[in-house]
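S.K.: The file below is run08.csv, CSV, C-alpha atoms:
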```csv
chain,number,residue,atom,x,y,z
A,854,MET,CA,17.5,-2.4,-19.0
A,855,PRO,CA,14.3,-1.1,-17.2
A,856,ARG,CA,11.1,-2.6,-18.6
A,857,PRO,CA,8.2,-0.4,-19.7
A,858,ARG,CA,5.5,0.1,-17.0
A,859,LYS,CA,2.9,-1.4,-19.3
A,860,GLU,CA,4.9,-4.7,-19.2
A,861,LEU,CA,5.1,-4.7,-15.4
A,862,ILE,CA,1.4,-3.9,-14.7
A,863,CYS,CA,-1.3,-6.1,-16.4
A,864,VAL,CA,-4.5,-6.4,-14.4
A,865,GLU,CA,-5.6,-9.2,-16.7
A,866,GLN,CA,-2.8,-11.3,-15.2
A,867,THR,CA,-3.1,-10.2,-11.6
A,868,PRO,CA,-4.7,-7.3,-9.7
A,869,TYR,CA,-2.0,-7.2,-6.9
A,870,TYR,CA,1.2,-5.2,-7.1
A,871,HIS,CA,4.1,-4.3,-4.7
A,872,CYS,CA,5.4,-0.7,-5.2
A,873,VAL,CA,8.4,1.1,-3.8
A,874,SER,CA,9.4,4.7,-3.9
A,875,ARG,CA,12.8,5.9,-2.7
A,876,CYS,CA,13.9,9.4,-1.7
A,877,VAL,CA,16.8,10.9,-3.6
A,878,ARG,CA,18.1,13.4,-1.2
A,879,ARG,CA,20.8,13.1,1.5
A,880,ALA,CA,18.1,14.3,4.0
A,881,CYS,CA,15.6,11.6,5.1
A,882,LEU,CA,12.1,11.3,3.9
A,883,CYS,CA,11.2,10.6,7.5
A,884,GLY,CA,13.2,10.0,10.7
A,885,LYS,CA,16.1,12.2,12.0
A,886,ASP,CA,18.8,13.7,9.7
A,887,SER,CA,22.1,12.5,11.1
A,888,PHE,CA,23.8,15.6,9.5
A,889,THR,CA,21.6,18.4,10.7
A,890,GLY,CA,19.9,16.7,13.6
A,891,LYS,CA,16.5,17.8,12.3
A,892,SER,CA,13.6,15.4,12.8
A,893,TYR,CA,11.3,14.5,9.9
A,894,GLU,CA,9.2,12.0,11.8
A,895,HIS,CA,6.0,14.0,11.2
A,896,ARG,CA,6.3,13.2,7.5
A,897,ARG,CA,5.3,9.5,8.2
A,898,GLY,CA,1.9,10.9,9.0
A,899,TRP,CA,1.8,12.7,5.7
A,900,VAL,CA,2.3,9.5,3.8
A,901,GLU,CA,-0.1,7.5,5.8
A,902,ARG,CA,-2.9,10.0,5.6
A,903,ARG,CA,-2.4,10.4,1.9
A,904,LEU,CA,-2.5,6.7,1.4
A,905,TYR,CA,-5.8,6.5,3.3
A,906,PHE,CA,-7.2,9.4,1.3
A,907,LEU,CA,-6.3,7.9,-2.1
A,908,ALA,CA,-7.7,4.5,-1.0
A,909,ARG,CA,-11.1,6.3,-0.6
A,910,VAL,CA,-10.8,8.0,-4.0
A,911,PHE,CA,-9.3,5.4,-6.3
A,912,ALA,CA,-10.8,2.0,-7.3
A,913,ILE,CA,-7.6,0.6,-5.8
A,914,ASP,CA,-7.4,-1.3,-2.4
A,915,LEU,CA,-4.6,-0.7,0.0
A,916,CYS,CA,-3.4,-4.1,1.2
A,917,ALA,CA,-0.2,-3.3,3.1
A,918,TYR,CA,2.2,-0.4,3.6
A,919,ALA,CA,5.3,0.6,5.5
A,920,VAL,CA,6.8,4.2,5.8
A,921,MET,CA,10.5,3.9,6.2
A,922,SER,CA,13.2,6.6,6.7
A,923,ASN,CA,14.0,7.0,3.0
A,924,HIS,CA,11.4,4.9,1.1
A,925,THR,CA,7.9,3.7,1.2
A,926,HIS,CA,6.4,0.2,0.5
A,927,VAL,CA,2.8,-0.3,-0.6
A,928,VAL,CA,0.9,-3.4,-1.7
A,929,LEU,CA,-2.1,-2.5,-3.9
A,930,ARG,CA,-5.0,-4.3,-5.5
A,931,VAL,CA,-6.7,-2.9,-8.7
A,932,ALA,CA,-10.5,-3.2,-8.3
A,933,THR,CA,-11.3,-2.9,-12.0
A,934,GLU,CA,-14.8,-4.3,-11.5
A,935,ARG,CA,-15.6,-1.6,-9.0
A,936,ALA,CA,-14.5,1.2,-11.4
A,937,GLN,CA,-16.6,-0.2,-14.2
A,938,GLN,CA,-19.7,-0.1,-12.0
A,939,TRP,CA,-19.3,3.5,-11.0
A,940,SER,CA,-21.8,5.9,-12.7
A,941,ASN,CA,-20.5,8.8,-14.7
A,942,LYS,CA,-21.4,11.3,-11.9
A,943,HIS,CA,-19.6,9.1,-9.3
A,944,VAL,CA,-16.5,9.0,-11.4
A,945,LEU,CA,-16.5,12.8,-11.6
A,946,ARG,CA,-17.1,13.2,-7.9
A,947,GLN,CA,-14.1,10.9,-7.2
A,948,TRP,CA,-11.9,12.7,-9.7
A,949,HIS,CA,-12.9,16.2,-8.4
A,950,LYS,CA,-11.6,15.2,-5.0
A,951,LEU,CA,-8.1,15.2,-6.7
A,952,HIS,CA,-8.4,17.8,-9.5
A,953,ARG,CA,-10.9,20.4,-10.6
A,954,GLY,CA,-11.5,18.7,-13.9
A,955,THR,CA,-13.1,21.0,-16.6
A,956,ARG,CA,-15.9,23.5,-16.5
A,957,LEU,CA,-18.2,21.1,-18.3
A,958,THR,CA,-17.4,18.2,-15.8
A,959,GLN,CA,-18.1,20.5,-12.9
A,960,LEU,CA,-21.4,21.6,-14.4
A,961,TYR,CA,-22.4,18.0,-15.2
A,962,ALA,CA,-21.5,16.9,-11.6
A,963,GLN,CA,-23.7,19.7,-10.3
A,964,GLY,CA,-26.7,18.5,-12.4
A,965,ALA,CA,-26.7,21.3,-14.9
A,966,THR,CA,-28.4,20.8,-18.3
A,967,LEU,CA,-25.9,20.3,-21.1
A,968,SER,CA,-26.3,20.1,-24.9
A,969,GLN,CA,-25.6,16.9,-26.7
A,970,ALA,CA,-22.2,18.0,-27.8
A,971,GLU,CA,-21.3,19.0,-24.3
A,972,ARG,CA,-22.5,15.7,-22.9
A,973,ALA,CA,-20.3,13.9,-25.5
A,974,THR,CA,-17.3,15.9,-24.3
A,975,VAL,CA,-18.1,15.1,-20.7
A,976,ASN,CA,-18.4,11.3,-21.5
A,977,ALA,CA,-15.0,11.4,-23.1
A,978,CYS,CA,-13.6,13.0,-20.0
A,979,VAL,CA,-15.3,10.4,-17.8
A,980,SER,CA,-13.8,7.6,-19.8
A,981,VAL,CA,-10.3,9.1,-19.2
A,982,TYR,CA,-10.9,9.7,-15.5
A,983,ARG,CA,-12.4,6.2,-15.0
A,984,GLN,CA,-9.1,4.6,-16.4
A,985,ARG,CA,-7.0,6.9,-14.2
A,986,LEU,CA,-8.9,6.0,-11.1
A,987,GLN,CA,-8.0,2.3,-11.6
A,988,SER,CA,-4.4,3.0,-12.5
A,989,ILE,CA,-1.5,2.2,-10.2
A,990,SER,CA,0.6,4.7,-12.0
A,991,TRP,CA,-1.8,7.5,-11.2
A,992,PHE,CA,-2.3,6.3,-7.6
A,993,MET,CA,1.5,6.5,-7.1
A,994,ARG,CA,1.7,9.8,-8.9
A,995,GLU,CA,-0.9,11.3,-6.6
A,996,LEU,CA,0.9,10.0,-3.6
A,997,ASN,CA,4.5,10.9,-4.5
A,998,GLU,CA,3.8,14.3,-6.1
A,999,TYR,CA,1.8,15.4,-3.1
A,1000,ILE,CA,4.6,14.3,-0.6
A,1001,ALA,CA,7.3,15.9,-2.8
A,1002,ARG,CA,5.4,19.3,-2.9
A,1003,GLN,CA,4.9,19.2,0.9
A,1004,ALA,CA,8.6,18.3,1.6
A,1005,ASN,CA,9.9,21.0,-0.8
A,1006,LYS,CA,7.7,23.6,0.8
A,1007,GLU,CA,8.9,22.6,4.3
A,1008,ASP,CA,12.5,22.5,3.2
A,1009,ASP,CA,12.1,25.8,1.2
A,1010,CYS,CA,13.7,24.4,-1.9
A,1011,THR,CA,12.8,23.0,-5.3
A,1012,GLY,CA,13.9,20.1,-7.4
A,1013,ARG,CA,13.5,16.3,-7.4
A,1014,PHE,CA,12.5,14.6,-4.2
A,1015,TRP,CA,12.2,11.0,-5.4
A,1016,GLU,CA,15.0,9.2,-7.1
A,1017,GLY,CA,12.8,8.3,-10.1
A,1018,ARG,CA,9.5,6.6,-10.8
A,1019,PHE,CA,8.3,4.1,-8.4
A,1020,LYS,CA,9.3,0.4,-8.9
A,1021,SER,CA,6.6,-2.2,-9.2
A,1022,GLN,CA,6.3,-5.9,-9.0
A,1023,ALA,CA,3.4,-8.1,-9.9
A,1024,LEU,CA,2.2,-10.7,-7.3
A,1025,LEU,CA,0.8,-13.6,-9.3
A,1026,ASP,CA,-0.7,-15.8,-6.6
A,1027,GLU,CA,-1.8,-15.9,-3.0
A,1028,ALA,CA,1.6,-17.2,-1.8
A,1029,ALA,CA,3.4,-14.3,-3.3
A,1030,LEU,CA,0.8,-11.8,-2.1
A,1031,LEU,CA,0.9,-12.9,1.6
A,1032,SER,CA,4.7,-13.2,1.5
A,1033,CYS,CA,5.0,-9.7,0.2
A,1034,MET,CA,2.6,-8.3,2.7
A,1035,VAL,CA,4.6,-10.0,5.5
A,1036,TYR,CA,7.8,-8.6,4.1
A,1037,VAL,CA,6.4,-5.1,3.9
A,1038,ASP,CA,5.0,-5.2,7.5
A,1039,LEU,CA,8.2,-6.5,8.9
A,1040,ASN,CA,10.4,-3.9,7.2
A,1041,PRO,CA,10.8,-1.7,10.3
A,1042,LEU,CA,11.5,-4.7,12.5
A,1043,ARG,CA,14.1,-6.1,10.1
A,1044,ALA,CA,15.8,-2.6,10.0
A,1045,GLY,CA,16.1,-2.7,13.8
A,1046,MET,CA,13.8,0.2,14.3
A,1047,VAL,CA,11.4,-1.7,16.6
A,1048,ILE,CA,11.4,-5.0,18.5
A,1049,ALA,CA,7.8,-5.9,17.8
A,1050,PRO,CA,5.6,-5.4,14.7
A,1051,GLU,CA,2.9,-3.6,16.6
A,1052,ASP,CA,5.5,-0.9,17.7
A,1053,ALA,CA,6.1,0.2,14.1
A,1054,ARG,CA,3.4,2.8,14.1
A,1055,PHE,CA,3.2,3.8,10.4
A,1056,THR,CA,2.7,0.3,9.0
A,1057,SER,CA,-0.4,-1.7,8.0
A,1058,ILE,CA,0.3,-4.4,10.6
A,1059,ALA,CA,0.2,-1.8,13.4
A,1060,ALA,CA,-3.1,-0.4,12.1
A,1061,ARG,CA,-4.6,-3.9,11.8
A,1062,ILE,CA,-3.5,-4.9,15.3
A,1063,ARG,CA,-5.0,-1.7,16.8
A,1064,ALA,CA,-8.3,-2.4,15.0
A,1065,PHE,CA,-8.2,-6.1,15.9
A,1066,LYS,CA,-8.0,-5.3,19.6
A,1067,THR,CA,-11.5,-3.9,19.2
A,1068,ARG,CA,-12.7,-6.8,17.0
A,1069,ARG,CA,-12.8,-4.6,13.9
A,1070,GLN,CA,-10.9,-4.3,10.6
A,1071,PRO,CA,-9.2,-1.1,9.6
A,1072,PRO,CA,-11.7,0.9,7.4
A,1073,ARG,CA,-9.1,2.0,4.8
A,1074,LEU,CA,-7.2,-1.3,4.4
A,1075,MET,CA,-8.4,-4.2,2.3
A,1076,PRO,CA,-10.1,-6.6,4.8
A,1077,PHE,CA,-9.2,-10.2,5.6
A,1078,ILE,CA,-11.7,-13.0,5.6
A,1079,PRO,CA,-14.4,-12.2,8.2
A,1080,PRO,CA,-15.1,-14.4,11.2
A,1081,THR,CA,-18.1,-15.9,9.4
A,1082,GLY,CA,-15.6,-17.5,7.0
A,1083,ILE,CA,-17.5,-16.3,4.0
A,1084,SER,CA,-15.1,-14.7,1.6
A,1085,ASN,CA,-15.1,-13.2,-1.9
A,1086,SER,CA,-12.9,-11.1,-4.1
A,1087,LEU,CA,-13.3,-8.2,-1.7
A,1088,HIS,CA,-11.3,-10.1,1.0
A,1089,LEU,CA,-7.6,-11.0,1.3
A,1090,PRO,CA,-7.1,-14.8,1.4
A,1091,LEU,CA,-6.6,-15.2,5.1
A,1092,SER,CA,-8.2,-14.4,8.4
A,1093,THR,CA,-6.9,-11.5,10.5
A,1094,THR,CA,-5.8,-13.9,13.3
A,1095,ASP,CA,-3.9,-16.1,11.0
A,1096,TYR,CA,-2.2,-13.2,9.3
A,1097,ILE,CA,-1.1,-11.6,12.6
A,1098,THR,CA,0.2,-15.0,13.7
A,1099,LEU,CA,2.1,-15.4,10.4
A,1100,VAL,CA,3.8,-12.0,10.8
A,1101,ASP,CA,4.8,-12.9,14.4
A,1102,TYR,CA,6.1,-16.3,13.4
A,1103,THR,CA,8.1,-14.9,10.5
A,1104,GLY,CA,9.5,-12.1,12.6
A,1105,ARG,CA,11.1,-14.6,15.0
A,1106,CYS,CA,13.0,-16.2,12.2
A,1107,ILE,CA,16.6,-15.0,12.1
A,1108,ALA,CA,17.2,-13.1,8.9
A,1109,ALA,CA,20.6,-13.0,7.3
A,1110,ASN,CA,22.1,-9.5,6.8
A,1111,LYS,CA,19.2,-8.0,8.8
A,1112,LYS,CA,19.5,-6.3,12.1
A,1113,GLY,CA,16.0,-7.0,13.5
A,1114,VAL,CA,14.3,-10.1,14.9
A,1115,ILE,CA,11.6,-10.5,17.4
A,1116,PRO,CA,13.3,-11.6,20.7
A,1117,ALA,CA,12.6,-15.2,21.7
A,1118,SER,CA,11.7,-13.9,25.2
A,1119,LEU,CA,8.8,-11.9,23.8
A,1120,LEU,CA,5.4,-13.5,24.2
A,1121,PRO,CA,3.6,-14.6,21.0
A,1122,ILE,CA,1.8,-11.6,19.4
A,1123,LEU,CA,-1.7,-12.8,20.1
A,1124,GLU,CA,-0.8,-13.1,23.8
A,1125,ARG,CA,0.8,-9.7,23.8
A,1126,ILE,CA,-2.4,-8.1,22.5
A,1127,HIS,CA,-4.6,-10.4,24.7
A,1128,VAL,CA,-6.3,-12.4,22.0
A,1129,ASP,CA,-6.7,-16.2,22.1
A,1130,GLN,CA,-4.1,-17.8,19.8
A,1131,ALA,CA,-5.5,-19.7,16.9
A,1132,HIS,CA,-3.9,-22.2,14.6
A,1133,TRP,CA,-2.9,-20.7,11.3
A,1134,LEU,CA,-2.3,-22.1,7.8
A,1135,SER,CA,-0.6,-19.9,5.2
A,1136,VAL,CA,2.5,-19.6,3.2
A,1137,THR,CA,5.5,-17.3,2.8
A,1138,GLN,CA,8.8,-17.4,1.1
A,1139,LYS,CA,12.0,-15.6,0.3
A,1140,PHE,CA,11.1,-12.0,-0.7
A,1141,GLU,CA,14.4,-10.1,-0.8
A,1142,GLN,CA,15.2,-10.0,-4.5
A,1143,HIS,CA,13.0,-7.1,-5.6
A,1144,PHE,CA,11.6,-6.3,-9.0
A,1145,ARG,CA,13.4,-9.0,-11.0
A,1146,GLY,CA,10.1,-10.2,-12.4
A,1147,ALA,CA,6.6,-11.1,-11.2
A,1148,ALA,CA,6.4,-13.0,-7.9
A,1149,SER,CA,4.7,-16.3,-7.5
A,1150,ALA,CA,5.3,-19.3,-5.2
A,1151,PRO,CA,3.6,-22.7,-5.9
A,1152,LEU,CA,5.3,-24.0,-2.7
A,1153,SER,CA,3.9,-26.1,0.1
A,1154,THR,CA,3.2,-24.3,3.4
A,1155,GLN,CA,6.1,-25.8,5.3
A,1156,LYS,CA,8.6,-25.5,2.5
A,1157,ALA,CA,7.7,-21.9,2.0
A,1158,LEU,CA,8.1,-21.2,5.7
A,1159,ASN,CA,11.4,-23.0,5.9
A,1160,THR,CA,12.7,-21.0,2.8
A,1161,TYR,CA,11.8,-17.7,4.4
A,1162,CYS,CA,13.2,-18.5,7.8
A,1163,THR,CA,16.5,-19.6,6.2
A,1164,VAL,CA,17.2,-16.8,3.8
A,1165,ALA,CA,14.8,-13.8,4.5
```
Once more with this new file: its structure as C-alpha cells, please.

M.R.:
Amino acid sequence: MPRPRKELICVEQTPYYHCVSRCVRRACLCGKDSFTGKSYEHRRGWVERRLYFLARVFAIDLCAYAVMSNHTHVVLRVATERAQQWSNKHVLRQWHKLHRGTRLTQLYAQGATLSQAERATVNACVSVYRQRLQSISWFMRELNEYIARQANKEDDCTGRFWEGRFKSQALLDEAALLSCMVYVDLNPLRAGMVIAPEDARFTSIAARIRAFKTRRQPPRLMPFIPPTGISNSLHLPLSTTDYITLVDYTGRCIAANKKGVIPASLLPILERIHVDQAHWLSVTQKFEQHFRGAASAPLSTQKALNTYCTVA
C-alpha cells in the first residue's frame, strides 16, 4: 500500500529528495505524439522555466532535473534554515509571487499601518506561508498544477493531466544523493534520446556543462564545491569537474535493459568541452528500483561504481 507523504518526507532525517511526476494521457507531456504527429517539444521549456522560477521563490534548492517525454525527475534539497531566517515581509514577498494572499498580507507587505488584531492575523498567515515555502509537496504542486493548466489550455480540454501525486524518495547520504543525481542526468541518454549528456538540453547536466564552459555555476541550480575547496551546507558534496567526470564515466557503462550508452569512440566529456581532465573521487550505485524506501549507500567508491556499471 502507498505510504503517507509525511512518512516519506522528513527533513529531520535528510533534506534531499528525488521526486517523479508522470503524465497520464496517451499524448506525450513533451516530444512528438506518435498518433497525431503533433510535437510537444516546447513543453520541456515550460517545465524548465517553471523549475527555475520556483527555485527562486521557495526555500528549496534544485539539485538535478530531467524533462522526459512523459515524466519529469527532480532532486531537491529543503533549506529549512533559510526559511527560518526570512523576515515576515520577505516571506510575504515570496508567497505573493505565487498567490495574491489576503488583503491584510498585501497591506502589510506594502508597509501599511495595521491594528494589533490585524498584525496577529498577518503573523498567522506568515507562519503558514513559511511552512509552505519549505514544503516539497507545495513545490511539486506549484510545478505540476501550472504545467497541467498550460497543457489543458493548449489542448483545449479539461481533466487530469498527471497520473496522480508525485512520487518521492528520501536520499539519506552523499552516496545516494550523487547516485540519484547521476541517474537523473543520464535519463535521456539511457532512453536512447541522445548520445552524450550535454546533448540532452532540458537536463541539469546540460545546464551545468554550459555554465562550466564559462567557468561559472548555473545560478538556479544548487552549486557544487567551488574551486577554492571551501564548502558548507550550501554546496553539493563534489566539485563540478568531478561530477561531470562521474556522469561521463557512468554513462559509458553498459546498462542492462537500457538503450543508451556513451559510445566508446566518443572522447571523454572534459575533452569534448575543452576542459583539462581532473582526477575524480566519488560514489554511485544501482539506482533503478524506485521508491521502495529511502536510499542510502555506505559503499566503497570502487564497489559502488562496479555495482552501477553491472546493473544500472

S.K.: List the spatial neighbours of Leu996 of chain A as a list in words - criterion: any atom at most 8 Å away, only C-alpha atoms, same-chain residues fewer than 5 positions off excluded.

M.R.: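 Using only C-alpha atoms, the neighbours found are Val900, Arg903, Leu904 and Leu907 of chain A.
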
S.K.: Quick one: distance from atom CA of Pro1076 of chain A to atom CA of Thr1093 of chain A in Å, one decimal?

M.R.: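 Between atom CA of Pro1076 of chain A and atom CA of Thr1093 of chain A the gap works out to 8.2 Å.
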
S.K.: Measure the distance from atom CA of Gly890 of chain A to atom CA of Ala1004 of chain A in Å and round it to one decimal.

M.R.: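 Computing it gives 16.6 Å between the two atoms.
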
S.K.: So which one's closest to Ser1032 of chain A, A:Ser980, A:Gln947, A:Thr1103, A:Thr1094? Using only C-alpha atoms, please.

M.R.: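 The answer is A:Thr1103, which sits nearest to Ser1032 of chain A.
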
S.K.: Using all atoms listed in the file for the distances, tell me which of A:His949, A:Thr1081, A:Tyr1036, A:Ala1049 is nearest to Leu1120 of chain A.

M.R.: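 Checking each of A:His949, A:Thr1081, A:Tyr1036, A:Ala1049 against Leu1120 of chain A, counting all atoms listed in the file, the winner is A:Ala1049.
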
S.K.: Any idea what the distance is between atom CA of Val920 of chain A and atom CA of Leu1087 of chain A?

M.R.: 24.8 Å

S.K.: Given the point (10.6, 16.2, 12.9) in the coordinates of this file, which residues lie within 12 Å, counting all atoms listed in the file, and how would they look as a ChimeraX atom specification?

M.R.: /A:880-886,889-899,922,1004,1007-1008

S.K.: Quick one: of A:Met1034, A:Ala977, A:Val944, A:Leu1042, who's nearest to Pro1090 of chain A, counting all atoms listed in the file?

M.R.: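 Looking only at the distances to Pro1090 of chain A, the closest residue turns out to be A:Met1034.
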
S.K.: Select, from A:Leu951, A:Arg1125, A:Ala1117, A:His1088, the residue with the minimum atom-to-atom distance to Phe906 of chain A, counting only C-alpha atoms.

M.R.: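 Distance minimum relative to Phe906 of chain A lands on A:Leu951.
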
S.K.: For Met1075 of chain A, which residue among A:Val1035, A:Cys1010, A:Val1047, A:Val931 is the nearest when counting only C-alpha atoms?

M.R.: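 Closest to Met1075 of chain A, using only C-alpha atoms: A:Val931.
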
S.K.: Point out the residue among A:Ala1059, A:Ile1048, A:Leu960, A:Val910 with the least atom-to-atom distance to Trp948 of chain A, counting all atoms listed in the file.

M.R.: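 Using all atoms listed in the file, Trp948 of chain A sits closest to A:Val910.
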